[in-house]
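Take a look at the structure below.
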Amino acid sequence: MANPYLQVDGLTKSFGDLLLFRDISFGIAEGQRIGLIAKNGSGKTTLLNILAGKEGYDEGDIVFRRGLKVGYLEQSPAAYPAGLTVLEACFCHGNDTVNLIREYERCMETPGNPGLEDLLSRMDHAGAWDYERRAKQILSQLKIRHFDQPVEQLSGGQLKRVALANVLINTPDLLILDEPTNHLDLDMTEWLEEYLSRSTLSLLMVTHDRYFLDRVCSEIIEIDNRQIYSYKGNYSYYLEKRQERIDATNAEIARANNLYRTELEWMRRMPQARGHKARYREEAFYELEKVAKQRMQHREVKLDVKASYIGSKIFEADHLCKRFGDVKILDDFSYTFARYEKMGIVGNNGTGKSTFIKILMGLEKPDSGTIDIGETVRFGYYSQEGLQFDEQMKVIDVVQNIAEVIELGNGKRLTASQFLQHFLFTPETQHGYVYKLSGGERRRLYLCTVLMRNPNFLVLDEPTNDLDIVTLQVLEEYLQNFKGCVIVVSHDRYFMDKVVDHLLVFNGQGDIRDFPGNYSDYREWKEARRQKEKESENPVQKAPRVRQNENRKRRMTFKERREFEQLEQEIAALETEKAQLEEALCSGLLTVDELTEKSKRLPVLNDELDAKTMRWLELSELDG
């Protein structure tokens, strides 16, 4: 039996008359990596807050294994105390290692250093000497390199990354992550993906990044219609099995409806005084009625809004330049945008992606150069700063202030309420206040207000943050069929692959390249170029050594040659085992114990493979 870390039984949570989930139960065992999926407003973040002890609940039991170390990354982490540096912030929440370091520091400041010998032994045992180096290493991977910078000077995105570094440094047994890839650029996301894949941490995670979910998690749990469903496989397996569940439920509802009509007629004919058999049939009727009146909540968001006409001239950027101090954003940039073009913009944080968008929208002025926009262009702009509503307004009023009726084309139209229902806003939610909406629901409402204006040029700056996966899938389909122009800035690799025709790659300091393909194409091209550059460097490095006798490499000894040949066989065997292991983890056919065992084996296998490959490379450098 796998070592249980957490068991949740019969958990119920509501806010007033809003019931989020009822009587849900699940567990997390050692080595399990679980992705949590649900529509916005279904209680994902609330559930994580309950598990972290930051939120109460109505009923149920939550039991952690005694002594379990739990790390929790909130979607919007609380601010650190003012006056701390970045590095100090990584130590401020405290853990056994941090407390030990502080005890050691107090000992060193005390005359005579009482208890130093014992402390040195405990520091060695806890690996405390390496703690600061590891903290700096993880911060650097997350592109936080000014360790002495005061935390109050950090942006919201930087604070989220410091909080992420904090939970990783503490090496918990169970890691709970709420949207960990928000505020990470593509390089950071891929680093975190690799880090979590290779670690032995148990994991419960909410994320909208489907590539990340697919590659890190081996089990999915879904909150749907206030209940919980479990899928023993990765995200791709979940999609397949979820559809099977929906189809089966719809078939059950259809069968119940057919039988319900027959039983309803019987109920109307039968007299009030009924015998025992009749009363049994009457009770069965009411149970049948519950099934027949179910409504599947998997309605698709129909974003079939008509785009207004757009002419052949879209926009022309001519010799644009923009810089902030020593940082170049645009350097003599020129571009002519084509009709129906769908462009993705990628690049590390700080390379100028959002600034370029603001110049296009007229919100920022270039230092020099011109931008000429066609007369028929009607922008629809989704930005991080635009998510602002009057908290005391009702949801329906937010939309009706823009338009009472939305034209769909072909003579079809929707009322504001019907339009909101297509965005999964129930009539009850529509007549509720904005302040009651979750973060994801607010983004969905904001997206609704952008699309209902019938734009023909959509400019979307990080539209995927905090949107649920159901909405993302439909938004992708809408953008693929959109009869207009699209520019998307996003760190969501899956979303970019589905939507864009080509990329504008911001490399920093005004270096902007046009790449003809989606993000996966670009990633493959970058990797191929890196390998080619690596191969081309080797002959250059080796050539001088061939000509100079004093630098000629020594030959392998007999023992080294035998080791070299043995390593080739062992590496091949390990790679075969790794492929079989990854296939098994994604199959969805494993028991919890098998899943746990194989999840724990994978990082060990990776380490063995790395060590043997490194040794093989060292021996291969010798002159055979």
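Ordering of the structure tokens sets the chain letters (A, B, ...), residue numbers begin anew at 1 in every chain, and ligands are numbered from 1 in the order given.
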Problem - region 463-477 of chain A environment, 8 Å, only C-alpha atoms, sequence neighbours closer than 4 positions dropped, as a PyMOL selection string - result: chain A and resi 37-40+179+182+208+300-303+382-383+423+439-441+443-444+481+488-490+492+495+498-499
Practice task
Find the distance between CA of Phe64 (chain A) and CA of Ile28 (chain A) and write it in Å to one decimal.
Solution key: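 Taking CA of Phe64 (chain A) and CA of Ile28 (chain A), their separation equals 9.5 Å.
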Problem - Shell around region 13-21 of chain A at 7 Å using only C-alpha atoms, local window under 3 positions removed, as a count of residues only - result: 7
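Counting from CA of Leu619 (chain A), the distance to CA of Ala572 (chain A) is 16.6 Å.
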Problem - Backbone-only DSSP, strand (DSSP E or B) members of region 60-215 of chain A, as a list in words - result: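 Those residues are Gly60, Asp61, Ile62, Val63, Phe64, Val70, Gly71, Tyr72, Leu73, Thr85, Pro150, Leu174, Leu175, Ile176, Leu177, Asp178, Ser202, Leu203, Leu204, Met205 and Val206 of chain A.
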Practice task
Determine which residues of region 35-85 of chain A receive a DSSP assignment of helix (DSSP H, G or I), computed from the backbone, and state them as a list in words.
Solution key: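 The helix (DSSP H, G or I) residues within region 35-85 of chain A come out as Lys44, Thr45, Thr46, Leu47, Leu48, Asn49, Ile50 and Leu51 of chain A.
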Practice task
Could you check how far CA of Thr449 (chain A) sits from CA of Tyr478 (chain A), in Å to one decimal?
Solution key: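 The value is 15.2 Å.
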Problem - Top pick for closest residue to Leu164 (chain A), considering A:Gly508, A:Gly127, A:Pro150, A:Pro180 and counting only C-alpha atoms - result: A:Pro180
Exercise for the section: Find the residues near Lys160 (chain A): any atom within 12 Å, counting only C-alpha atoms, skip ones fewer than 4 places away on the same chain, and give them as a PyMOL selection string. Expected result: chain A and resi 72-80+86+89-90+139+142-144+151+154-156+164-167+177-184
Exercise for the section: Name the closest residue to Thr576 (chain A) among the candidates A:Ala251, A:Asn606, A:Gly115, A:Asn454; distances are taken between atoms, counting only C-alpha atoms. Expected result: A:Asn606
Problem - Spatial neighbours of Asn234 (chain A), max dist 12 Å, only C-alpha atoms, sep filter under 3 positions, as an MDAnalysis selection string - result: chainID A and resid 32:37 210:221 230:231 237:242 582:590 595
Same residues, C-alpha atoms, saved as a PDB file, in the first residue's frame:
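The resulting selection.pdb:
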```pdb
ATOM      1  CA  GLN A  32       1.365  10.942  -6.706  1.00  0.00           C
ATOM      2  CA  ARG A  33       1.235  13.946  -9.046  1.00  0.00           C
ATOM      3  CA  ILE A  34      -2.332  15.177  -9.380  1.00  0.00           C
ATOM      4  CA  GLY A  35      -3.721  17.954 -11.569  1.00  0.00           C
ATOM      5  CA  LEU A  36      -6.974  19.590 -10.374  1.00  0.00           C
ATOM      6  CA  ILE A  37      -9.337  20.750 -13.135  1.00  0.00           C
ATOM      7  CA  ARG A 210      -2.051  21.930 -20.728  1.00  0.00           C
ATOM      8  CA  TYR A 211       1.444  20.968 -21.927  1.00  0.00           C
ATOM      9  CA  PHE A 212       2.681  21.497 -18.361  1.00  0.00           C
ATOM     10  CA  LEU A 213      -0.222  19.455 -16.966  1.00  0.00           C
ATOM     11  CA  ASP A 214       0.346  16.660 -19.488  1.00  0.00           C
ATOM     12  CA  ARG A 215       4.075  16.353 -18.803  1.00  0.00           C
ATOM     13  CA  VAL A 216       4.111  16.763 -15.014  1.00  0.00           C
ATOM     14  CA  CYS A 217       0.933  15.072 -13.730  1.00  0.00           C
ATOM     15  CA  SER A 218       0.038  11.384 -13.980  1.00  0.00           C
ATOM     16  CA  GLU A 219      -3.465  11.692 -12.502  1.00  0.00           C
ATOM     17  CA  ILE A 220      -6.317  14.192 -12.922  1.00  0.00           C
ATOM     18  CA  ILE A 221      -9.158  14.981 -10.546  1.00  0.00           C
ATOM     19  CA  SER A 230     -10.760  10.870 -10.754  1.00  0.00           C
ATOM     20  CA  TYR A 231      -8.806   9.804 -13.869  1.00  0.00           C
ATOM     21  CA  TYR A 237      -6.040  10.446 -21.109  1.00  0.00           C
ATOM     22  CA  TYR A 238      -8.382  12.629 -19.032  1.00  0.00           C
ATOM     23  CA  LEU A 239      -9.819  14.319 -22.142  1.00  0.00           C
ATOM     24  CA  GLU A 240     -10.672  10.954 -23.668  1.00  0.00           C
ATOM     25  CA  LYS A 241     -12.231   9.468 -20.518  1.00  0.00           C
ATOM     26  CA  ARG A 242     -14.087  12.656 -19.587  1.00  0.00           C
ATOM     27  CA  GLU A 582       6.760   6.967 -19.261  1.00  0.00           C
ATOM     28  CA  GLU A 583       4.383   4.979 -21.484  1.00  0.00           C
ATOM     29  CA  ALA A 584       3.045   3.088 -18.447  1.00  0.00           C
ATOM     30  CA  LEU A 585       2.554   6.310 -16.454  1.00  0.00           C
ATOM     31  CA  CYS A 586       0.477   7.809 -19.271  1.00  0.00           C
ATOM     32  CA  SER A 587      -1.562   4.632 -19.931  1.00  0.00           C
ATOM     33  CA  GLY A 588      -4.113   5.137 -17.174  1.00  0.00           C
ATOM     34  CA  LEU A 589      -4.037   1.391 -16.464  1.00  0.00           C
ATOM     35  CA  LEU A 590      -1.908   1.425 -13.299  1.00  0.00           C
ATOM     36  CA  LEU A 595       1.594   4.558 -10.109  1.00  0.00           C
TER      37      LEU A 595
END
```
Completion exercise
Using only C-alpha atoms, the shortest atom-to-atom distance to Ala135 (chain A) among A:Cys92, A:Leu87, A:Leu116, A:Ala528 belongs to A:Leu87
Exercise for the section: Fewer than 3 positions away in the same chain doesn't count, so skip those; otherwise give me all residues within 9 Å of Pro603 (chain A), counting only C-alpha atoms, as an NGL selection string. Expected result: :A and (197-200 or 599-600 or 606-608)
